[in-house]
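J.: I am attaching a structure below and will ask some questions about it afterwards.
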Amino acid sequence: MENYRNIFMFIVSLMVLNLFTVTTYANDTTDYEVDVINTVSVGDIQIGIEQYSNGTQLVVPNQTISQTIRIRNLARPAWIRVKVEYQGLTGVSEIEDSSVGITSENWIKCGEYYYHTKSMDSASYIDLCNSITIPEKWDSSGSGKRFNVIITADAVQKRNFSPNFNSSDPWFGTVIETSIYNKYTDTMAASKQSFQVVFEDGTQGLVRTGENFLGNFNDMMPGDVVTDKVRVANNYSEPIELHFRAESLMNSSLLGAIEFSICIGDVVVYSGTLDSAAIKSGVSLGKYSKGSSADLIYTLVVPSDMGNNYAQSEASVKWIFYTALSKVTEPTKGSGGGGDKEESTISQREKEVPTSSVETTVVNTEPTGEDLIKMPDDLIARIREINDERLKPYLDKEYLTLKEFAELLFLLEGLGFPTSEYTYLLPKTGDTSDNTSAYLFVMIFSLVALSALAVMRRRLKEKS
């Protein structure tokens with residue numbers, strides 16, 4: 001019986017050591033980021049009118065004069081309409097539509113305007129007419145009078161606009177604004193490029209490929225809804241949480257006019273304008289375990305009612321992807337019961353672990369298994385059968401840390417349930433690179449001692 005007491009007291013002292021083992025952490029965070037600068041721009045619609053004639057002429061009734069009216073498209077593809085008016089013909093009958101020498105069957109007359117039923121490409125031109133015939137019914141009452149031909153041409157963007165030429169108002173009452181620029185500058189992207197951001201390791205950090213995040217959408221037009229994707233990936237051994245923010249490099253109202261959203265699958269990560277406080281402060285793009293990746297689908301919407309005051313406007317933006325890792329130092333304190341505590345560092349090392357503030361379910365964040373143990377199904381069933389309040393917290397977790405798993409086995413042993421069949425899941429002492437080595441050694445030793453105690457108790461009962 002004396003040996004039994006000695007063993008029992010030794011186990012109690014081990015349990016006390018377990019209770020008073022404390023770990024402290026000192027954080028030294030390292031930030032990683034990569035950025036790309038692009039210009040977001042809006043295109044323009046711009047046309048010019050050219051008139052070719054012999055200038056001021058003396059004309060007589062039924063005379064045909066050379067009069068070419070040409071419309072030239074100076075910017076993006078557009079629909080065209082032209083109005084022909086005459087000035088200075090008071091007291092004289094107006095020139096009829098049939099007197100205007102229309103050059104193409106693509107022109108139709110609706111109300112006051114001639115509408116061209118084919119859109120105009122950039123840097124192209126079309127002629128409305130090449131002659132005007134003086135009405136035969138003009139008589140001497142018009143002798144000596146002067147008249148002018150006044151041409152008004154309107155254009156509306158081809159993109160996102162479809163006229164109805166079977167209607168009396170093919171352009172649906174569209175309000176025409178005066179162009180604010182005399183010269184058009186083409187800002188179309190030279191080519192479409194892919195873009196991706198990858199976290200490689202603690203040395204290389206975030207690495208990007210491609211130069212045109214949003215750069216594929218220069219020269220946008222009202223009503224445009226454009227979308228593309230950015231692939232993000234984690235090649236590092238630890239999970240990371242990736243963030244995104246934007247910094248404006250010029251003061252432009254365009255950023256507040258364009259709507260911007262980011263989605264991962266069906267989950268909307270961000271929705272707002274390009275200058276909102278949220279996107280400036282940073283948006284979480286989710287957690288990424290080792291080897292995981294995702295496509296960020298981003299969409300820009302240019303309001304259909306955007307006016308000419310935004311034509312040829314642009315805004316330079318710095319897009320920043322960033323994450324942070326912490327270097328954690330883990331000294332362990334060991335002490336006894338009621339006296340002064342002696343501090344002794346059992347082990348100390350530095351390792352990189354991820355830091356995060358927001359958990360997200362849009363990216364696969366399943367534990368990698370390096371420092372975690374998956375709960376066996378039969379062990380979960382056994383815990384449910386025992387129905388002890390102290391064991392319930394362990395049922396809420398699919399994975400346990402090494403410490404949590406050892407503590408669970410220790411509790412089960414204390415309740416009289418053998419756990420030797422599960423100890424194989426615990427690493428051998430010295431195998432783990434974490435500072436849990438000493439802790440696990442004590443816990444495993446305690447389990448073995450409890451098993452030995454149970455055997456001795458049975459033998460003592462048999463002898464008695």
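In the structure tokens, each chain is lettered A, B, ... as it comes, each chain's residues begin at 1, and ligands are numbered from 1 in order of appearance.
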Could you go through region 123-311 of chain A and tell me which residues DSSP, when run on the backbone, assigns to alpha helix (DSSP H), listing them as JSON, numbers by chain?
T.: {"A": [254, 255, 256, 257, 277, 278, 279, 280, 281]}
J.: Can you pull out the residues contacting region 102-114 of chain A? Cut-off 8 Å, using only C-alpha atoms, and skip same-chain residues under 6 positions away; I want them as a list in words.
T.: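 So the residues in contact are Arg81, Val82, Lys83, Val84, Asp127, Leu128, Cys129, Asn130, Ser131, Ser168, Asp169 and Pro170 of chain A.
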J.: Please produce a file of the residues just selected, as a PDB file, in the first residue's frame, where the atoms kept are N, CA and C atoms.
T.:
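This is the output file part.pdb:
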```pdb
ATOM      1  N   ARG A  81     -27.772  61.399 -86.371  1.00  0.00           N
ATOM      2  CA  ARG A  81     -28.947  61.999 -87.004  1.00  0.00           C
ATOM      3  C   ARG A  81     -28.598  63.434 -87.406  1.00  0.00           C
ATOM      4  N   VAL A  82     -29.280  63.948 -88.467  1.00  0.00           N
ATOM      5  CA  VAL A  82     -28.963  65.266 -89.016  1.00  0.00           C
ATOM      6  C   VAL A  82     -30.269  66.030 -89.277  1.00  0.00           C
ATOM      7  N   LYS A  83     -30.262  67.305 -88.943  1.00  0.00           N
ATOM      8  CA  LYS A  83     -31.400  68.180 -89.257  1.00  0.00           C
ATOM      9  C   LYS A  83     -30.929  69.245 -90.243  1.00  0.00           C
ATOM     10  N   VAL A  84     -31.705  69.448 -91.321  1.00  0.00           N
ATOM     11  CA  VAL A  84     -31.393  70.449 -92.348  1.00  0.00           C
ATOM     12  C   VAL A  84     -32.423  71.582 -92.239  1.00  0.00           C
ATOM     13  N   ASP A 127     -21.892  60.673 -95.799  1.00  0.00           N
ATOM     14  CA  ASP A 127     -22.452  61.868 -96.433  1.00  0.00           C
ATOM     15  C   ASP A 127     -23.973  61.812 -96.374  1.00  0.00           C
ATOM     16  N   LEU A 128     -24.564  62.928 -96.000  1.00  0.00           N
ATOM     17  CA  LEU A 128     -26.021  63.008 -96.010  1.00  0.00           C
ATOM     18  C   LEU A 128     -26.522  63.243 -97.430  1.00  0.00           C
ATOM     19  N   CYS A 129     -25.964  64.232 -98.119  1.00  0.00           N
ATOM     20  CA  CYS A 129     -26.414  64.564 -99.471  1.00  0.00           C
ATOM     21  C   CYS A 129     -25.248  65.124-100.275  1.00  0.00           C
ATOM     22  N   ASN A 130     -25.431  65.225-101.562  1.00  0.00           N
ATOM     23  CA  ASN A 130     -24.390  65.820-102.406  1.00  0.00           C
ATOM     24  C   ASN A 130     -24.934  66.938-103.297  1.00  0.00           C
ATOM     25  N   SER A 131     -26.252  67.250-103.148  1.00  0.00           N
ATOM     26  CA  SER A 131     -26.818  68.342-103.946  1.00  0.00           C
ATOM     27  C   SER A 131     -28.123  68.829-103.319  1.00  0.00           C
ATOM     28  N   SER A 168     -41.789  56.742 -84.447  1.00  0.00           N
ATOM     29  CA  SER A 168     -41.740  58.141 -84.892  1.00  0.00           C
ATOM     30  C   SER A 168     -40.648  58.916 -84.154  1.00  0.00           C
ATOM     31  N   ASP A 169     -40.122  58.329 -83.085  1.00  0.00           N
ATOM     32  CA  ASP A 169     -39.013  58.936 -82.323  1.00  0.00           C
ATOM     33  C   ASP A 169     -37.969  57.852 -82.075  1.00  0.00           C
ATOM     34  N   PRO A 170     -37.125  57.548 -83.060  1.00  0.00           N
ATOM     35  CA  PRO A 170     -36.174  56.426 -82.958  1.00  0.00           C
ATOM     36  C   PRO A 170     -35.232  56.511 -81.756  1.00  0.00           C
TER      37      PRO A 170
END
```
J.: Determine the nearest neighbour of Pro303 (chain A) from the options A:Leu254, A:Ile37, A:Val198, A:Leu411, counting only C-alpha atoms.
T.: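 The shortest atom-to-atom distance to Pro303 (chain A) comes from A:Leu254.
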J.: Excluding region 54-67 of chain A and residues on its chain fewer than 5 positions from it, collect all residues at most 8 Å away from it, counting only C-alpha atoms, and give them as a tab-separated table (two decimals) with C-alpha atoms, in the first residue's frame.
T.:
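Final output, saved to out.tsv:
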```
chain	number	residue	atom	x	y	z
A	129	CYS	CA	-26.41	64.56	-99.47
A	130	ASN	CA	-24.39	65.82	-102.41
A	131	SER	CA	-26.82	68.34	-103.95
A	132	ILE	CA	-29.79	70.61	-103.31
A	133	THR	CA	-32.33	71.50	-106.04
A	134	ILE	CA	-33.97	74.96	-106.03
A	135	PRO	CA	-37.76	74.57	-106.14
A	136	GLU	CA	-39.21	75.09	-109.62
A	137	LYS	CA	-42.15	77.10	-108.19
A	138	TRP	CA	-39.91	79.88	-106.93
A	139	ASP	CA	-40.86	83.05	-108.85
```
